[in-house]
>>> print(open('work22.json').read())   # JSON, C-alpha atoms
[["chain", "number", "residue", "atom", "x", "y", "z"],
["A", 1, "MET", "CA", -45.51, -6.28, -6.33],
["A", 2, "GLN", "CA", -44.28, -5.20, -9.75],
["A", 3, "LEU", "CA", -41.47, -7.32, -11.11],
["A", 4, "ARG", "CA", -38.41, -5.46, -12.28],
["A", 5, "ARG", "CA", -37.28, -6.05, -15.81],
["A", 6, "LEU", "CA", -33.70, -4.76, -15.90],
["A", 7, "PRO", "CA", -30.97, -5.25, -18.47],
["A", 8, "ASN", "CA", -27.69, -6.71, -17.31],
["A", 9, "LEU", "CA", -26.22, -4.33, -14.67],
["A", 10, "ASN", "CA", -22.71, -4.62, -16.12],
["A", 11, "GLN", "CA", -24.11, -3.44, -19.44],
["A", 12, "LEU", "CA", -25.78, -0.46, -17.76],
["A", 13, "ARG", "CA", -22.56, 0.47, -15.95],
["A", 14, "ALA", "CA", -20.60, 0.26, -19.19],
["A", 15, "PHE", "CA", -23.14, 2.47, -20.96],
["A", 16, "GLU", "CA", -23.23, 5.05, -18.15],
["A", 17, "ALA", "CA", -19.43, 5.28, -17.97],
["A", 18, "ALA", "CA", -19.09, 5.57, -21.75],
["A", 19, "ALA", "CA", -21.79, 8.25, -21.90],
["A", 20, "ARG", "CA", -20.29, 10.27, -19.05],
["A", 21, "ASN", "CA", -16.76, 10.07, -20.48],
["A", 22, "GLU", "CA", -17.89, 10.31, -24.12],
["A", 23, "SER", "CA", -15.34, 7.58, -24.78],
["A", 24, "PHE", "CA", -15.29, 3.78, -24.76],
["A", 25, "LYS", "CA", -11.56, 3.90, -24.02],
["A", 26, "ASP", "CA", -11.94, 6.11, -20.93],
["A", 27, "ALA", "CA", -14.87, 4.02, -19.73],
["A", 28, "ALA", "CA", -12.73, 0.90, -20.01],
["A", 29, "GLU", "CA", -9.96, 2.50, -17.94],
["A", 30, "GLU", "CA", -12.43, 3.65, -15.28],
["A", 31, "LEU", "CA", -14.02, 0.20, -14.95],
["A", 32, "HIS", "CA", -10.70, -1.67, -15.26],
["A", 33, "VAL", "CA", -11.78, -3.70, -18.28],
["A", 34, "THR", "CA", -10.72, -3.79, -21.93],
["A", 35, "HIS", "CA", -11.99, -1.50, -24.69],
["A", 36, "ALA", "CA", -13.41, -4.61, -26.39],
["A", 37, "ALA", "CA", -15.36, -5.53, -23.24],
["A", 38, "ILE", "CA", -17.01, -2.09, -23.15],
["A", 39, "SER", "CA", -17.92, -2.33, -26.85],
["A", 40, "HIS", "CA", -19.38, -5.81, -26.32],
["A", 41, "GLN", "CA", -21.43, -4.75, -23.28],
["A", 42, "ILE", "CA", -22.90, -1.73, -25.05],
["A", 43, "LYS", "CA", -23.68, -3.67, -28.21],
["A", 44, "ALA", "CA", -25.49, -6.27, -26.10],
["A", 45, "LEU", "CA", -27.44, -3.51, -24.32],
["A", 46, "GLU", "CA", -28.45, -1.95, -27.65],
["A", 47, "GLU", "CA", -29.71, -5.33, -28.83],
["A", 48, "ASP", "CA", -31.64, -5.82, -25.59],
["A", 49, "LEU", "CA", -33.23, -2.36, -25.79],
["A", 50, "GLY", "CA", -33.77, -2.57, -29.53],
["A", 51, "THR", "CA", -32.17, 0.80, -30.30],
["A", 52, "GLN", "CA", -28.80, 2.35, -31.05],
["A", 53, "LEU", "CA", -27.36, 4.33, -28.16],
["A", 54, "PHE", "CA", -24.22, 5.92, -29.63],
["A", 55, "HIS", "CA", -22.91, 7.47, -32.80],
["A", 56, "ARG", "CA", -19.49, 5.81, -33.26],
["A", 57, "ARG", "CA", -16.92, 8.38, -34.41],
["A", 58, "ALA", "CA", -13.22, 8.31, -35.19],
["A", 59, "ARG", "CA", -12.58, 10.26, -31.99],
["A", 60, "GLY", "CA", -14.93, 9.29, -29.20],
["A", 61, "VAL", "CA", -18.65, 8.66, -29.28],
["A", 62, "ALA", "CA", -21.83, 10.75, -29.07],
["A", 63, "LEU", "CA", -25.14, 9.80, -27.53],
["A", 64, "MET", "CA", -28.18, 9.25, -29.73],
["A", 65, "GLY", "CA", -31.33, 11.28, -28.96],
["A", 66, "GLU", "CA", -33.14, 9.95, -25.89],
["A", 67, "ALA", "CA", -30.07, 7.96, -24.81],
["A", 68, "ALA", "CA", -28.80, 11.13, -23.10],
["A", 69, "ALA", "CA", -31.78, 11.14, -20.73],
["A", 70, "LEU", "CA", -31.19, 7.46, -19.94],
["A", 71, "ALA", "CA", -27.54, 8.19, -19.21],
["A", 72, "ARG", "CA", -28.44, 11.05, -16.82],
["A", 73, "ASP", "CA", -30.93, 8.88, -14.95],
["A", 74, "LEU", "CA", -28.40, 6.04, -14.65],
["A", 75, "THR", "CA", -25.71, 8.41, -13.34],
["A", 76, "GLU", "CA", -28.07, 9.68, -10.64],
["A", 77, "THR", "CA", -29.13, 6.14, -9.75],
["A", 78, "LEU", "CA", -25.58, 4.78, -9.55],
["A", 79, "ASN", "CA", -24.53, 7.75, -7.43],
["A", 80, "ARG", "CA", -27.39, 7.06, -5.03],
["A", 81, "MET", "CA", -26.41, 3.39, -4.87],
["A", 82, "ASN", "CA", -22.80, 4.37, -4.15],
["A", 83, "ASP", "CA", -23.89, 6.75, -1.38],
["A", 84, "ALA", "CA", -26.14, 4.09, 0.15],
["A", 85, "VAL", "CA", -23.29, 1.58, 0.28],
["A", 86, "ARG", "CA", -20.92, 4.16, 1.79],
["A", 87, "ARG", "CA", -23.48, 5.09, 4.46],
["A", 88, "PHE", "CA", -24.02, 1.42, 5.30],
["A", 89, "THR", "CA", -20.28, 0.75, 5.47],
["A", 90, "ALA", "CA", -19.65, 3.84, 7.59],
["A", 91, "GLN", "CA", -22.04, 2.53, 10.26],
["A", 92, "GLY", "CA", -19.39, -0.03, 11.22],
["A", 93, "MET", "CA", -16.51, 2.46, 11.22],
["A", 94, "ALA", "CA", -16.71, 3.26, 14.91],
["A", 95, "GLY", "CA", -15.23, 2.16, 18.19],
["A", 96, "THR", "CA", -11.60, 1.36, 18.99],
["A", 97, "LEU", "CA", -9.25, -0.68, 16.84],
["A", 98, "HIS", "CA", -6.34, -2.28, 18.71],
["A", 99, "ILE", "CA", -3.28, -2.67, 16.49],
["A", 100, "THR", "CA", 0.13, -3.89, 17.58],
["A", 101, "SER", "CA", 3.32, -2.62, 15.97],
["A", 102, "ALA", "CA", 7.04, -2.48, 16.56],
["A", 103, "PRO", "CA", 7.89, 1.04, 17.84],
["A", 104, "PHE", "CA", 10.46, 1.52, 15.06],
["A", 105, "PHE", "CA", 7.89, 1.26, 12.27],
["A", 106, "ALA", "CA", 5.02, 2.95, 14.10],
["A", 107, "ASN", "CA", 7.03, 6.01, 15.15],
["A", 108, "ARG", "CA", 8.28, 6.70, 11.64],
["A", 109, "LEU", "CA", 5.43, 5.82, 9.33],
["A", 110, "VAL", "CA", 2.19, 5.42, 11.29],
["A", 111, "ILE", "CA", 1.91, 7.78, 14.26],
["A", 112, "PRO", "CA", 2.78, 10.99, 12.34],
["A", 113, "ARG", "CA", -0.02, 10.21, 9.88],
["A", 114, "LEU", "CA", -2.75, 9.02, 12.26],
["A", 115, "PRO", "CA", -4.52, 12.42, 12.31],
["A", 116, "GLU", "CA", -5.17, 11.90, 8.57],
["A", 117, "PHE", "CA", -6.87, 8.56, 9.28],
["A", 118, "HIS", "CA", -8.96, 9.98, 12.11],
["A", 119, "ALA", "CA", -10.08, 12.80, 9.83],
["A", 120, "LEU", "CA", -11.39, 10.17, 7.39],
["A", 121, "TYR", "CA", -13.01, 8.06, 10.13],
["A", 122, "PRO", "CA", -13.79, 10.41, 13.03],
["A", 123, "ASP", "CA", -15.75, 7.78, 14.97],
["A", 124, "LEU", "CA", -12.98, 5.18, 14.80],
["A", 125, "THR", "CA", -10.03, 5.36, 17.22],
["A", 126, "ILE", "CA", -6.76, 3.58, 16.53],
["A", 127, "LYS", "CA", -5.03, 2.33, 19.67],
["A", 128, "LEU", "CA", -1.44, 1.36, 18.86],
["A", 129, "ASP", "CA", 0.21, -1.15, 21.20],
["A", 130, "LEU", "CA", 3.93, -0.60, 20.64],
["A", 131, "THR", "CA", 5.88, -3.78, 21.33],
["A", 132, "ARG", "CA", 8.61, -5.87, 19.77],
["A", 133, "SER", "CA", 6.91, -9.05, 20.99],
["A", 134, "VAL", "CA", 5.00, -11.32, 18.59],
["A", 135, "LEU", "CA", 1.53, -11.52, 20.14],
["A", 136, "ASN", "CA", -0.92, -14.40, 20.02],
["A", 137, "PHE", "CA", -4.10, -12.96, 18.48],
["A", 138, "ARG", "CA", -6.21, -15.72, 20.04],
["A", 139, "LYS", "CA", -5.15, -14.75, 23.55],
["A", 140, "GLU", "CA", -4.52, -11.00, 23.34],
["A", 141, "ASN", "CA", -7.07, -8.22, 22.92],
["A", 142, "VAL", "CA", -5.67, -7.18, 19.54],
["A", 143, "ASP", "CA", -7.54, -6.75, 16.25],
["A", 144, "ALA", "CA", -4.56, -6.62, 13.89],
["A", 145, "GLY", "CA", -0.81, -6.18, 13.80],
["A", 146, "LEU", "CA", 1.90, -4.61, 11.70],
["A", 147, "ARG", "CA", 4.52, -7.31, 11.34],
["A", 148, "HIS", "CA", 7.82, -7.47, 9.47],
["A", 149, "GLY", "CA", 8.79, -10.63, 7.64],
["A", 150, "ASN", "CA", 8.08, -12.65, 4.52],
["A", 151, "GLY", "CA", 4.30, -12.68, 4.93],
["A", 152, "THR", "CA", 3.98, -16.32, 6.00],
["A", 153, "TRP", "CA", 2.47, -16.76, 9.45],
["A", 154, "PRO", "CA", 0.21, -19.78, 10.09],
["A", 155, "GLY", "CA", -3.36, -18.87, 10.94],
["A", 156, "LEU", "CA", -2.98, -15.24, 9.88],
["A", 157, "THR", "CA", -3.96, -13.30, 6.79],
["A", 158, "ALA", "CA", -1.07, -11.04, 5.74],
["A", 159, "LYS", "CA", -1.73, -7.99, 3.56],
["A", 160, "PRO", "CA", 1.51, -6.38, 2.28],
["A", 161, "ILE", "CA", 2.01, -2.69, 3.04],
["A", 162, "TYR", "CA", 5.41, -2.53, 1.34],
["A", 163, "MET", "CA", 8.36, -4.79, 0.56],
["A", 164, "ASP", "CA", 11.85, -3.81, 1.71],
["A", 165, "THR", "CA", 14.20, -2.01, -0.65],
["A", 166, "LEU", "CA", 17.55, -1.88, 1.15],
["A", 167, "THR", "CA", 20.51, 0.40, 0.45],
["A", 168, "PRO", "CA", 23.57, 1.45, 2.49],
["A", 169, "MET", "CA", 23.10, 4.56, 4.63],
["A", 170, "ALA", "CA", 25.08, 6.41, 7.26],
["A", 171, "SER", "CA", 25.03, 9.62, 9.24],
["A", 172, "PRO", "CA", 26.43, 12.80, 7.64],
["A", 173, "ALA", "CA", 28.67, 13.05, 10.73],
["A", 174, "ARG", "CA", 30.26, 9.74, 9.77],
["A", 175, "LEU", "CA", 30.88, 10.86, 6.19],
["A", 176, "GLY", "CA", 32.48, 14.20, 6.88],
["A", 177, "ASP", "CA", 33.45, 15.92, 3.65],
["A", 178, "ARG", "CA", 33.64, 12.77, 1.50],
["A", 179, "PRO", "CA", 31.68, 13.15, -1.72],
["A", 180, "LEU", "CA", 28.86, 10.75, -2.53],
["A", 181, "PRO", "CA", 28.33, 8.16, -3.79],
["A", 182, "LEU", "CA", 30.92, 6.05, -1.99],
["A", 183, "SER", "CA", 32.47, 3.05, -3.66],
["A", 184, "PRO", "CA", 31.82, -0.43, -2.17],
["A", 185, "ASP", "CA", 35.49, -0.44, -1.10],
["A", 186, "GLU", "CA", 34.93, 2.77, 0.90],
["A", 187, "ILE", "CA", 31.69, 1.47, 2.44],
["A", 188, "VAL", "CA", 33.23, -1.82, 3.54],
["A", 189, "LYS", "CA", 35.90, 0.03, 5.55],
["A", 190, "MET", "CA", 33.16, 1.31, 7.90],
["A", 191, "PRO", "CA", 31.73, -0.82, 10.71],
["A", 192, "LEU", "CA", 28.63, -2.42, 9.16],
["A", 193, "ALA", "CA", 25.40, -3.12, 11.04],
["A", 194, "ARG", "CA", 23.33, -6.21, 10.32],
["A", 195, "VAL", "CA", 20.11, -7.60, 11.72],
["A", 196, "MET", "CA", 20.89, -11.06, 13.09],
["A", 197, "SER", "CA", 17.73, -12.58, 11.61],
["A", 198, "GLU", "CA", 18.64, -11.14, 8.19],
["A", 199, "ASP", "CA", 22.37, -11.84, 8.11],
["A", 200, "ALA", "CA", 22.59, -12.48, 4.35],
["A", 201, "ASP", "CA", 21.56, -8.94, 3.36],
["A", 202, "TRP", "CA", 25.07, -7.47, 3.12],
["A", 203, "ASN", "CA", 26.27, -10.40, 1.02],
["A", 204, "MET", "CA", 23.29, -9.88, -1.28],
["A", 205, "TRP", "CA", 24.17, -6.22, -1.66],
["A", 206, "PHE", "CA", 27.84, -6.93, -2.37],
["A", 207, "ASP", "CA", 26.79, -9.49, -4.99],
["A", 208, "ALA", "CA", 24.41, -6.97, -6.55],
["A", 209, "VAL", "CA", 27.26, -4.47, -7.10],
["A", 210, "GLY", "CA", 29.74, -7.14, -8.19],
["A", 211, "TYR", "CA", 32.06, -6.65, -5.24],
["A", 212, "THR", "CA", 33.95, -9.25, -3.19],
["A", 213, "PRO", "CA", 34.50, -7.94, 0.35],
["A", 214, "PRO", "CA", 37.68, -8.71, 2.30],
["A", 215, "GLU", "CA", 37.53, -11.28, 5.05],
["A", 216, "ASP", "CA", 38.41, -8.86, 7.85],
["A", 217, "ILE", "CA", 35.38, -6.54, 7.57],
["A", 218, "THR", "CA", 33.62, -5.51, 10.78],
["A", 219, "ILE", "CA", 29.95, -6.52, 10.88],
["A", 220, "ILE", "CA", 28.05, -5.91, 14.12],
["A", 221, "GLY", "CA", 24.90, -7.93, 14.77],
["A", 222, "TYR", "CA", 21.77, -6.32, 16.21],
["A", 223, "SER", "CA", 18.59, -7.98, 17.38],
["A", 224, "ASP", "CA", 16.24, -5.82, 15.30],
["A", 225, "ARG", "CA", 16.12, -3.26, 12.50],
["A", 226, "GLY", "CA", 15.55, -0.35, 14.86],
["A", 227, "LEU", "CA", 18.90, -0.87, 16.61],
["A", 228, "SER", "CA", 20.69, -1.33, 13.29],
["A", 229, "HIS", "CA", 19.10, 1.88, 12.03],
["A", 230, "ASP", "CA", 20.08, 3.76, 15.19],
["A", 231, "MET", "CA", 23.70, 2.57, 14.85],
["A", 232, "ALA", "CA", 23.93, 4.19, 11.41],
["A", 233, "GLN", "CA", 22.09, 7.34, 12.47],
["A", 234, "SER", "CA", 24.35, 7.83, 15.49],
["A", 235, "GLY", "CA", 27.46, 7.89, 13.29],
["A", 236, "LEU", "CA", 28.93, 4.55, 14.41],
["A", 237, "GLY", "CA", 28.90, 2.98, 10.93],
["A", 238, "ALA", "CA", 26.71, 2.03, 7.96],
["A", 239, "ALA", "CA", 23.58, -0.08, 7.74],
["A", 240, "LEU", "CA", 21.34, -1.45, 5.00],
["A", 241, "ILE", "CA", 18.18, 0.58, 5.53],
["A", 242, "ASP", "CA", 14.84, 0.47, 3.77],
["A", 243, "THR", "CA", 14.20, 3.42, 1.48],
["A", 244, "LYS", "CA", 10.65, 3.98, 2.78],
["A", 245, "ILE", "CA", 11.42, 3.74, 6.49],
["A", 246, "SER", "CA", 14.31, 6.19, 6.05],
["A", 247, "VAL", "CA", 12.29, 8.97, 4.39],
["A", 248, "PRO", "CA", 11.77, 11.12, 7.53],
["A", 249, "ASP", "CA", 15.38, 10.66, 8.68],
["A", 250, "ILE", "CA", 16.79, 11.67, 5.28],
["A", 251, "ALA", "CA", 14.46, 14.68, 5.21],
["A", 252, "ARG", "CA", 15.79, 15.80, 8.62],
["A", 253, "GLY", "CA", 19.40, 15.36, 7.49],
["A", 254, "TRP", "CA", 20.05, 12.47, 9.89],
["A", 255, "LEU", "CA", 20.93, 9.89, 7.22],
["A", 256, "LYS", "CA", 22.45, 9.89, 3.76],
["A", 257, "ARG", "CA", 22.31, 7.25, 1.06],
["A", 258, "LEU", "CA", 25.86, 6.05, 0.33],
["A", 259, "HIS", "CA", 25.40, 4.27, -3.01],
["A", 260, "PRO", "CA", 22.65, 4.15, -5.68],
["A", 261, "ALA", "CA", 22.39, 0.33, -5.69],
["A", 262, "SER", "CA", 19.64, -1.33, -3.66],
["A", 263, "ILE", "CA", 18.36, -4.87, -3.10],
["A", 264, "THR", "CA", 15.07, -6.51, -2.23],
["A", 265, "SER", "CA", 15.31, -9.10, 0.51],
["A", 266, "GLY", "CA", 11.91, -10.78, 0.20],
["A", 267, "ASN", "CA", 10.80, -9.29, 3.51],
["A", 268, "GLY", "CA", 8.46, -6.41, 4.11],
["A", 269, "MET", "CA", 5.85, -4.89, 6.38],
["A", 270, "PHE", "CA", 2.45, -6.59, 6.51],
["A", 271, "LEU", "CA", -0.89, -5.94, 8.13],
["A", 272, "VAL", "CA", -1.86, -9.23, 9.77],
["A", 273, "TYR", "CA", -5.06, -10.48, 11.37],
["A", 274, "PRO", "CA", -6.61, -13.88, 12.14],
["A", 275, "GLU", "CA", -7.84, -15.83, 9.12],
["A", 276, "THR", "CA", -11.59, -15.45, 8.68],
["A", 277, "ASP", "CA", -14.20, -15.38, 5.94],
["A", 278, "PHE", "CA", -15.50, -12.09, 7.35],
["A", 279, "PRO", "CA", -12.60, -9.76, 8.25],
["A", 280, "ASP", "CA", -13.36, -6.66, 10.28],
["A", 281, "PRO", "CA", -14.07, -3.87, 7.74],
["A", 282, "ARG", "CA", -12.34, -1.42, 10.09],
["A", 283, "VAL", "CA", -9.10, -3.42, 9.81],
["A", 284, "LEU", "CA", -9.42, -3.50, 6.01],
["A", 285, "ALA", "CA", -10.04, 0.26, 5.93],
["A", 286, "PHE", "CA", -6.96, 0.89, 8.08],
["A", 287, "GLY", "CA", -4.84, -1.35, 5.85],
["A", 288, "ALA", "CA", -6.04, 0.31, 2.64],
["A", 289, "TRP", "CA", -5.37, 3.76, 4.11],
["A", 290, "LEU", "CA", -1.87, 2.84, 5.35],
["A", 291, "ASP", "CA", -0.98, 1.29, 1.99],
["A", 292, "SER", "CA", -2.09, 4.47, 0.20],
["A", 293, "VAL", "CA", -0.08, 6.89, 2.38],
["A", 294, "VAL", "CA", 3.11, 4.80, 2.65],
["A", 295, "ASN", "CA", 3.23, 4.13, -1.08],
["A", 296, "ALA", "CA", 2.07, 7.56, -2.24]]
>>> encode(input="work22.json", output="C-alpha cells")
Amino acid sequence: MQLRRLPNLNQLRAFEAAARNESFKDAAEELHVTHAAISHQIKALEEDLGTQLFHRRARGVALMGEAAALARDLTETLNRMNDAVRRFTAQGMAGTLHITSAPFFANRLVIPRLPEFHALYPDLTIKLDLTRSVLNFRKENVDAGLRHGNGTWPGLTAKPIYMDTLTPMASPARLGDRPLPLSPDEIVKMPLARVMSEDADWNMWFDAVGYTPPEDITIIGYSDRGLSHDMAQSGLGAALIDTKISVPDIARGWLKRLHPASITSGNGMFLVYPETDFPDPRVLAFGAWLDSVVNA
C-alpha cells in the first residue's frame, strides 16, 4: 500500500479557498478565520511545497503558473469529499421524529413551515405531539421537545431557538381610532394580561420606559402564554407578547404593537433532548432548520 504524503489539510483548504476567491480576505471570511491565519497557512504550504503559489498584489492575489491546476484539482477533491459526507449523513435522515411542543408555539411557528422541512428531508417525518405537559423523556416515546423557559433543565441539552423580546400588544378592535404609539399611561388604563409564572414582566417593561404605574391597575393572571396572547387578540386588553410569535397575527391584522419599547425576560424557546455524547443527527438537523426559519 502506497503511503500518502499530504501537506497539512488546513493549509490546502486555505489555498483552495484563496485561489477560488482570488482573495485572502474573502477566503478568511468563508473559512471563519482571520486574514493573518490564511496568510500564515499559505506561506507554510509554499514552504512545504518549495514553490511560490501566489503573486501578492495590492488588490487581491493571482495564482502562479502550475498552481492553478493544483487549485482546480483541490476544488474537485474537496467537492467530492463534501458530497460523500452529505450522502453518508443523509442515510440517517429517515424514519419518524417525535417532537413535543406546546400548541401555541407549534401552531404559529412550526406547523405552517413543516412542508419546507419535509422538502429538505423527504424521508424524515416529523410527528408533533401537541401538549402543555412537561414530558419525561426517559419514560415517553419522544425524541425531542420545544420548551419555553430559561434553558436550564437537569438532564437535558437545551439549544436556543430564540429568546423572548416582549412588547405590549392589543387587538385593533380594542384600540378603535386611537393613534399609535400609545403612552404608558394609556396602556396602563387597559386590563393587562400576565403569565403567572412570569409575573415580573410588566414591572420590567414599566421600568424600561421610566414609568411608575398606579396601584389600582388591573392585571389578570393566566396559566400560560397562549391564554395571555388570546386575551389581547380577542380585544379584552393588552399583553406583553413576543415579537417573533406575533408575526403571523400582526400580518393578519389581529394584533397591533402599542409602543416601540421592548424588554428581554431571559426566557425563550429551546429545542431540548436528553444529554448524550451522540445526539440524534435528525434532531440536530431539525433544530438547525427551525433556528434558520424562525430567525430569518
>>> closest_residue(input="work22.json", among="A:Gly237, A:Pro184, A:Gly50, A:Gly253", to="A:Pro213", atoms="all atoms listed in the file")
A:Pro184
>>> residues_around(input="work22.json", residues="A:Leu182", least_positions_apart="5", cutoff="8 Å", atoms="all atoms listed in the file", output="list in words")
Ile187, Leu258 and His259 of chain A
>>> atom_distance(input="work22.json", atom1="atom CA of A:Thr96", atom2="atom CA of A:Thr276")
19.7 Å
>>> atom_distance(input="work22.json", atom1="atom CA of A:Glu275", atom2="atom CA of A:Arg225")
27.3 Å
>>> residues_around(input="work22.json", residues="A:Pro181", least_positions_apart="5", cutoff="12 Å", atoms="all atoms listed in the file", output="PyMOL selection string")
chain A and resi 167-170+175+186-187+256-261
>>> atom_distance(input="work22.json", atom1="atom CA of A:Gln233", atom2="atom CA of A:Leu109")
17.0 Å
>>> closest_atom_pairs(input="work22.json", of="stretch 56-173 of chain A", to="stretch 4-17 of chain A", cutoff="12 Å", atoms="all atoms listed in the file", output="tab-separated table")
residue	atom	partner	partner_atom	distance
A:Val61	CA	A:Phe15	CA	11.3
A:Ala62	CA	A:Phe15	CA	11.7
A:Leu63	CA	A:Phe15	CA	10.0
A:Ala67	CA	A:Phe15	CA	9.6
A:Ala68	CA	A:Glu16	CA	9.6
A:Ala69	CA	A:Glu16	CA	10.8
A:Leu70	CA	A:Glu16	CA	8.5
A:Ala71	CA	A:Glu16	CA	5.4
A:Arg72	CA	A:Glu16	CA	8.1
A:Asp73	CA	A:Glu16	CA	9.2
A:Leu74	CA	A:Glu16	CA	6.3
A:Thr75	CA	A:Glu16	CA	6.4
A:Glu76	CA	A:Glu16	CA	10.1
A:Thr77	CA	A:Glu16	CA	10.3
A:Leu78	CA	A:Arg13	CA	8.3
A:Asn79	CA	A:Glu16	CA	11.1
